[in-house]
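With CSV, N, CA and C atoms inside, this is protein_14.csv:
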```csv
chain,number,residue,atom,x,y,z
A,1,MET,N,-40.8,-10.6,-71.4
A,1,MET,CA,-40.1,-10.5,-72.7
A,1,MET,C,-39.9,-11.9,-73.2
A,2,LYS,N,-40.2,-12.2,-74.5
A,2,LYS,CA,-40.1,-13.5,-75.0
A,2,LYS,C,-38.7,-13.7,-75.7
A,3,LEU,N,-38.1,-14.8,-75.5
A,3,LEU,CA,-36.8,-15.1,-76.1
A,3,LEU,C,-36.9,-16.4,-76.8
A,4,ILE,N,-36.0,-16.5,-77.8
A,4,ILE,CA,-35.9,-17.8,-78.5
A,4,ILE,C,-34.5,-18.3,-78.2
A,5,ALA,N,-34.4,-19.6,-77.9
A,5,ALA,CA,-33.1,-20.3,-77.7
A,5,ALA,C,-33.0,-21.3,-78.8
A,6,LEU,N,-31.8,-21.3,-79.5
A,6,LEU,CA,-31.6,-22.1,-80.7
A,6,LEU,C,-30.4,-23.0,-80.5
A,7,ASN,N,-30.4,-24.1,-81.2
A,7,ASN,CA,-29.3,-25.1,-81.2
A,7,ASN,C,-29.2,-25.8,-79.9
A,8,LEU,N,-30.3,-26.0,-79.2
A,8,LEU,CA,-30.4,-26.8,-78.0
A,8,LEU,C,-30.1,-28.2,-78.2
A,9,PRO,N,-29.6,-28.9,-77.2
A,9,PRO,CA,-29.4,-30.4,-77.4
A,9,PRO,C,-30.7,-31.1,-77.6
A,10,ARG,N,-30.7,-32.1,-78.4
A,10,ARG,CA,-32.0,-32.8,-78.8
A,10,ARG,C,-32.6,-33.6,-77.6
A,11,ASP,N,-31.8,-33.8,-76.6
A,11,ASP,CA,-32.3,-34.5,-75.4
A,11,ASP,C,-32.8,-33.6,-74.3
A,12,PHE,N,-32.9,-32.3,-74.6
A,12,PHE,CA,-33.4,-31.3,-73.7
A,12,PHE,C,-34.9,-31.4,-73.5
A,13,ASP,N,-35.3,-31.1,-72.3
A,13,ASP,CA,-36.8,-31.1,-72.0
A,13,ASP,C,-37.1,-29.7,-71.5
A,14,GLU,N,-38.4,-29.4,-71.4
A,14,GLU,CA,-38.8,-28.0,-71.0
A,14,GLU,C,-38.3,-27.7,-69.6
A,15,GLN,N,-38.2,-28.6,-68.7
A,15,GLN,CA,-37.6,-28.3,-67.4
A,15,GLN,C,-36.2,-27.9,-67.4
A,16,SER,N,-35.4,-28.6,-68.3
A,16,SER,CA,-34.0,-28.2,-68.5
A,16,SER,C,-33.9,-26.8,-69.1
A,17,LEU,N,-34.8,-26.5,-70.0
A,17,LEU,CA,-34.7,-25.2,-70.6
A,17,LEU,C,-35.1,-24.1,-69.6
A,18,GLU,N,-36.1,-24.3,-68.8
A,18,GLU,CA,-36.5,-23.4,-67.7
A,18,GLU,C,-35.3,-23.2,-66.7
A,19,ASN,N,-34.7,-24.3,-66.3
A,19,ASN,CA,-33.6,-24.2,-65.4
A,19,ASN,C,-32.4,-23.4,-65.9
A,20,LEU,N,-32.2,-23.5,-67.2
A,20,LEU,CA,-31.1,-22.7,-67.8
A,20,LEU,C,-31.4,-21.2,-67.7
A,21,PHE,N,-32.6,-20.8,-67.8
A,21,PHE,CA,-32.9,-19.4,-67.8
A,21,PHE,C,-33.3,-18.8,-66.4
A,22,LYS,N,-33.8,-19.7,-65.5
A,22,LYS,CA,-34.2,-19.1,-64.2
A,22,LYS,C,-33.1,-18.6,-63.3
A,23,ALA,N,-31.9,-19.0,-63.7
A,23,ALA,CA,-30.7,-18.5,-62.9
A,23,ALA,C,-30.6,-17.0,-63.2
A,24,HIS,N,-31.3,-16.4,-64.2
A,24,HIS,CA,-31.1,-15.0,-64.6
A,24,HIS,C,-32.4,-14.2,-64.4
A,25,GLY,N,-33.4,-14.8,-63.8
A,25,GLY,CA,-34.6,-14.1,-63.5
A,25,GLY,C,-35.8,-15.0,-63.5
A,26,THR,N,-37.0,-14.4,-63.3
A,26,THR,CA,-38.2,-15.2,-63.2
A,26,THR,C,-38.7,-15.6,-64.6
A,27,VAL,N,-38.9,-16.9,-64.8
A,27,VAL,CA,-39.4,-17.4,-66.1
A,27,VAL,C,-40.9,-17.6,-65.9
A,28,THR,N,-41.7,-17.0,-66.8
A,28,THR,CA,-43.2,-17.0,-66.7
A,28,THR,C,-43.7,-18.1,-67.6
A,29,ALA,N,-43.0,-18.5,-68.7
A,29,ALA,CA,-43.5,-19.5,-69.6
A,29,ALA,C,-42.3,-20.1,-70.3
A,30,CYS,N,-42.4,-21.4,-70.7
A,30,CYS,CA,-41.3,-22.0,-71.3
A,30,CYS,C,-41.9,-23.1,-72.3
A,31,THR,N,-41.5,-23.1,-73.6
A,31,THR,CA,-42.1,-24.0,-74.5
A,31,THR,C,-40.9,-24.5,-75.4
A,32,LEU,N,-40.7,-25.8,-75.4
A,32,LEU,CA,-39.8,-26.5,-76.2
A,32,LEU,C,-40.5,-27.0,-77.4
A,33,VAL,N,-40.0,-26.7,-78.6
A,33,VAL,CA,-40.7,-27.1,-79.9
A,33,VAL,C,-40.3,-28.6,-80.1
A,34,LEU,N,-41.3,-29.4,-80.2
A,34,LEU,CA,-41.1,-30.9,-80.4
A,34,LEU,C,-41.5,-31.4,-81.8
A,35,ASP,N,-40.9,-32.4,-82.2
A,35,ASP,CA,-41.2,-33.1,-83.5
A,35,ASP,C,-42.5,-33.8,-83.3
A,36,ASP,N,-43.5,-33.6,-84.2
A,36,ASP,CA,-44.8,-34.2,-84.1
A,36,ASP,C,-44.8,-35.8,-84.1
A,37,LYS,N,-43.9,-36.3,-84.9
A,37,LYS,CA,-43.8,-37.8,-85.0
A,37,LYS,C,-43.1,-38.5,-83.9
A,38,SER,N,-41.9,-38.0,-83.6
A,38,SER,CA,-41.1,-38.6,-82.6
A,38,SER,C,-41.3,-38.1,-81.2
A,39,GLY,N,-41.8,-36.9,-81.0
A,39,GLY,CA,-41.9,-36.3,-79.7
A,39,GLY,C,-40.7,-35.7,-79.1
A,40,THR,N,-39.6,-35.8,-79.9
A,40,THR,CA,-38.3,-35.3,-79.4
A,40,THR,C,-38.1,-33.8,-79.8
A,41,SER,N,-37.2,-33.2,-79.1
A,41,SER,CA,-36.9,-31.7,-79.3
A,41,SER,C,-36.4,-31.5,-80.7
A,42,LYS,N,-36.9,-30.4,-81.3
A,42,LYS,CA,-36.3,-30.0,-82.6
A,42,LYS,C,-35.1,-29.1,-82.4
A,43,GLY,N,-34.7,-28.8,-81.2
A,43,GLY,CA,-33.5,-28.1,-81.0
A,43,GLY,C,-33.7,-26.6,-80.7
A,44,PHE,N,-34.9,-26.2,-80.5
A,44,PHE,CA,-35.1,-24.8,-80.2
A,44,PHE,C,-36.4,-24.7,-79.3
A,45,GLY,N,-36.5,-23.5,-78.6
A,45,GLY,CA,-37.6,-23.3,-77.8
A,45,GLY,C,-37.8,-21.8,-77.4
A,46,PHE,N,-38.9,-21.5,-76.8
A,46,PHE,CA,-39.2,-20.1,-76.4
A,46,PHE,C,-39.3,-20.0,-74.9
A,47,VAL,N,-38.8,-18.9,-74.4
A,47,VAL,CA,-38.8,-18.7,-72.9
A,47,VAL,C,-39.4,-17.2,-72.7
A,48,GLU,N,-40.3,-17.1,-71.9
A,48,GLU,CA,-40.8,-15.8,-71.5
A,48,GLU,C,-40.4,-15.5,-70.1
A,49,MET,N,-39.8,-14.3,-70.0
A,49,MET,CA,-39.3,-13.8,-68.7
A,49,MET,C,-40.1,-12.6,-68.2
A,50,GLU,N,-40.3,-12.5,-66.9
A,50,GLU,CA,-41.1,-11.5,-66.3
A,50,GLU,C,-40.6,-10.1,-66.6
A,51,LEU,N,-39.3,-9.9,-66.5
A,51,LEU,CA,-38.7,-8.5,-66.6
A,51,LEU,C,-37.8,-8.5,-67.9
A,52,ALA,N,-38.0,-7.4,-68.7
A,52,ALA,CA,-37.2,-7.3,-69.9
A,52,ALA,C,-35.7,-7.2,-69.5
A,53,ASP,N,-35.4,-6.5,-68.4
A,53,ASP,CA,-34.0,-6.4,-68.0
A,53,ASP,C,-33.3,-7.7,-67.7
A,54,ASP,N,-34.1,-8.6,-67.0
A,54,ASP,CA,-33.6,-10.0,-66.8
A,54,ASP,C,-33.4,-10.7,-68.1
A,55,ALA,N,-34.4,-10.6,-69.0
A,55,ALA,CA,-34.3,-11.3,-70.3
A,55,ALA,C,-33.0,-10.8,-71.0
A,56,MET,N,-32.7,-9.6,-71.0
A,56,MET,CA,-31.5,-9.1,-71.7
A,56,MET,C,-30.3,-9.6,-71.1
A,57,ILE,N,-30.3,-9.7,-69.8
A,57,ILE,CA,-29.1,-10.3,-69.1
A,57,ILE,C,-29.0,-11.8,-69.4
A,58,ALA,N,-30.1,-12.5,-69.5
A,58,ALA,CA,-30.0,-13.9,-70.0
A,58,ALA,C,-29.5,-14.0,-71.4
A,59,VAL,N,-29.9,-13.1,-72.3
A,59,VAL,CA,-29.3,-13.1,-73.6
A,59,VAL,C,-27.8,-12.9,-73.6
A,60,GLU,N,-27.4,-11.9,-72.8
A,60,GLU,CA,-26.0,-11.6,-72.7
A,60,GLU,C,-25.2,-12.8,-72.1
A,61,LYS,N,-25.7,-13.4,-71.1
A,61,LYS,CA,-25.0,-14.5,-70.4
A,61,LYS,C,-25.0,-15.8,-71.1
A,62,LEU,N,-26.1,-16.1,-71.8
A,62,LEU,CA,-26.3,-17.4,-72.4
A,62,LEU,C,-25.9,-17.6,-73.9
A,63,HIS,N,-26.1,-16.5,-74.6
A,63,HIS,CA,-25.8,-16.5,-76.1
A,63,HIS,C,-24.3,-16.9,-76.3
A,64,GLY,N,-24.1,-18.0,-77.1
A,64,GLY,CA,-22.7,-18.4,-77.4
A,64,GLY,C,-22.1,-19.4,-76.4
A,65,THR,N,-22.9,-19.7,-75.3
A,65,THR,CA,-22.4,-20.6,-74.3
A,65,THR,C,-22.6,-22.1,-74.8
A,66,ARG,N,-22.0,-23.0,-74.2
A,66,ARG,CA,-22.1,-24.4,-74.6
A,66,ARG,C,-23.1,-25.1,-73.6
A,67,VAL,N,-24.0,-25.9,-74.1
A,67,VAL,CA,-24.9,-26.7,-73.3
A,67,VAL,C,-24.6,-28.1,-73.9
A,68,ASN,N,-24.1,-29.0,-73.0
A,68,ASN,CA,-23.6,-30.3,-73.5
A,68,ASN,C,-22.5,-29.9,-74.5
A,69,LYS,N,-22.7,-30.4,-75.8
A,69,LYS,CA,-21.7,-30.0,-76.8
A,69,LYS,C,-22.2,-29.0,-77.8
A,70,ASN,N,-23.4,-28.5,-77.5
A,70,ASN,CA,-24.0,-27.5,-78.5
A,70,ASN,C,-23.7,-26.1,-78.0
A,71,LYS,N,-23.3,-25.3,-79.0
A,71,LYS,CA,-23.1,-23.8,-78.7
A,71,LYS,C,-24.5,-23.2,-79.0
A,72,ILE,N,-25.1,-22.7,-78.0
A,72,ILE,CA,-26.5,-22.2,-78.2
A,72,ILE,C,-26.5,-20.8,-78.6
A,73,ARG,N,-27.6,-20.4,-79.2
A,73,ARG,CA,-27.9,-19.0,-79.5
A,73,ARG,C,-29.1,-18.5,-78.8
A,74,VAL,N,-29.1,-17.4,-78.2
A,74,VAL,CA,-30.3,-16.8,-77.5
A,74,VAL,C,-30.5,-15.4,-78.0
A,75,LYS,N,-31.7,-15.1,-78.3
A,75,LYS,CA,-32.0,-13.7,-78.8
A,75,LYS,C,-33.5,-13.4,-78.5
A,76,PRO,N,-33.9,-12.1,-78.6
A,76,PRO,CA,-35.3,-11.8,-78.4
A,76,PRO,C,-36.1,-12.5,-79.6
A,77,ALA,N,-37.2,-13.0,-79.2
A,77,ALA,CA,-38.1,-13.6,-80.2
A,77,ALA,C,-38.8,-12.6,-81.1
A,78,PRO,N,-38.9,-12.9,-82.4
A,78,PRO,CA,-39.6,-11.9,-83.3
A,78,PRO,C,-41.1,-11.7,-82.9
```
Target format structure tokens, applied to this file:
Amino acid sequence: MKLIALNLPRDFDEQSLENLFKAHGTVTACTLVLDDKSGTSKGFGFVEMELADDAMIAVEKLHGTRVNKNKIRVKPAP
């Protein structure tokens, strides 16, 4: 199941994003959206998890939590 994580810290990297989610299940893919010019995070990314049940647990556990000073949003990707 594919999830989108929004309002991530700008200094986040793909490994940090994967680590955030792998506590809740197996992550099969992880993509942080980067600015073309600066190469820094745009503050959101996509995570694919092996099992839909694990993905929904990750949404429940992570949505609304704080990462550094940012209150992140996590939901199923459209």
Could you list, as a PDB file with N, CA and C atoms, in the coordinates of the input, every residue within 7 Å of Lys42 in chain A, counting only C-alpha atoms and ignoring same-chain residues fewer than 2 positions away?
```pdb
ATOM      1  N   ARG A  10     -30.700 -32.100 -78.400  1.00  0.00           N
ATOM      2  CA  ARG A  10     -32.000 -32.800 -78.800  1.00  0.00           C
ATOM      3  C   ARG A  10     -32.600 -33.600 -77.600  1.00  0.00           C
ATOM      4  N   VAL A  33     -40.000 -26.700 -78.600  1.00  0.00           N
ATOM      5  CA  VAL A  33     -40.700 -27.100 -79.900  1.00  0.00           C
ATOM      6  C   VAL A  33     -40.300 -28.600 -80.100  1.00  0.00           C
ATOM      7  N   LEU A  34     -41.300 -29.400 -80.200  1.00  0.00           N
ATOM      8  CA  LEU A  34     -41.100 -30.900 -80.400  1.00  0.00           C
ATOM      9  C   LEU A  34     -41.500 -31.400 -81.800  1.00  0.00           C
ATOM     10  N   ASP A  35     -40.900 -32.400 -82.200  1.00  0.00           N
ATOM     11  CA  ASP A  35     -41.200 -33.100 -83.500  1.00  0.00           C
ATOM     12  C   ASP A  35     -42.500 -33.800 -83.300  1.00  0.00           C
ATOM     13  N   THR A  40     -39.600 -35.800 -79.900  1.00  0.00           N
ATOM     14  CA  THR A  40     -38.300 -35.300 -79.400  1.00  0.00           C
ATOM     15  C   THR A  40     -38.100 -33.800 -79.800  1.00  0.00           C
ATOM     16  N   PHE A  44     -34.900 -26.200 -80.500  1.00  0.00           N
ATOM     17  CA  PHE A  44     -35.100 -24.800 -80.200  1.00  0.00           C
ATOM     18  C   PHE A  44     -36.400 -24.700 -79.300  1.00  0.00           C
TER      19      PHE A  44
END
```
Contacts of range 18-32 of chain A within 6.5 Å, only N, CA and C atoms, excl. fewer than 6 positions in-chain, as number ranges by chain | A: 41-42, 44-51, 54-55, 57-58
Quote the spacing between atom N of Ser38 in chain A and CA of Glu14 in chain A in Å to one decimal place.
->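 About the pair atom N of Ser38 in chain A and CA of Glu14 in chain A: they are 16.4 Å apart.
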Per DSSP on the backbone, what are the helix (DSSP H, G or I) residues of chain A, as a list in words?
-> Glu14, Gln15, Ser16, Leu17, Glu18, Asn19, Leu20, Phe21, Lys22, Ala52, Asp53, Asp54, Ala55, Met56, Ile57, Ala58, Val59, Glu60, Lys61 and Leu62 of chain A
In terms of the shortest atom-to-atom distance over only C-alpha atoms, which of A:Met56, A:Ala77, A:Gly43, A:Lys37 is closest to Asp11 in chain A?
-> A:Gly43
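Across the structure, CA of Met1 in chain A and atom C of Val74 in chain A are spaced 12.0 Å apart.
Taking atom N of Gly64 in chain A as the reference point, atom N of Pro76 in chain A is found at 11.5 Å.
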Which is closer to Ile4 in chain A than all the others in A:Thr65, A:Asp36, A:Leu17, A:Asn70, using only C-alpha atoms?
->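 Closest to Ile4 in chain A of all the choices is A:Leu17.
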Among chain A, which residues carry a DSSP assignment of strand (DSSP E), reported as a ChimeraX atom specification?
-> /A:2-6,27-34,41-49,66-67,70-71,73-76
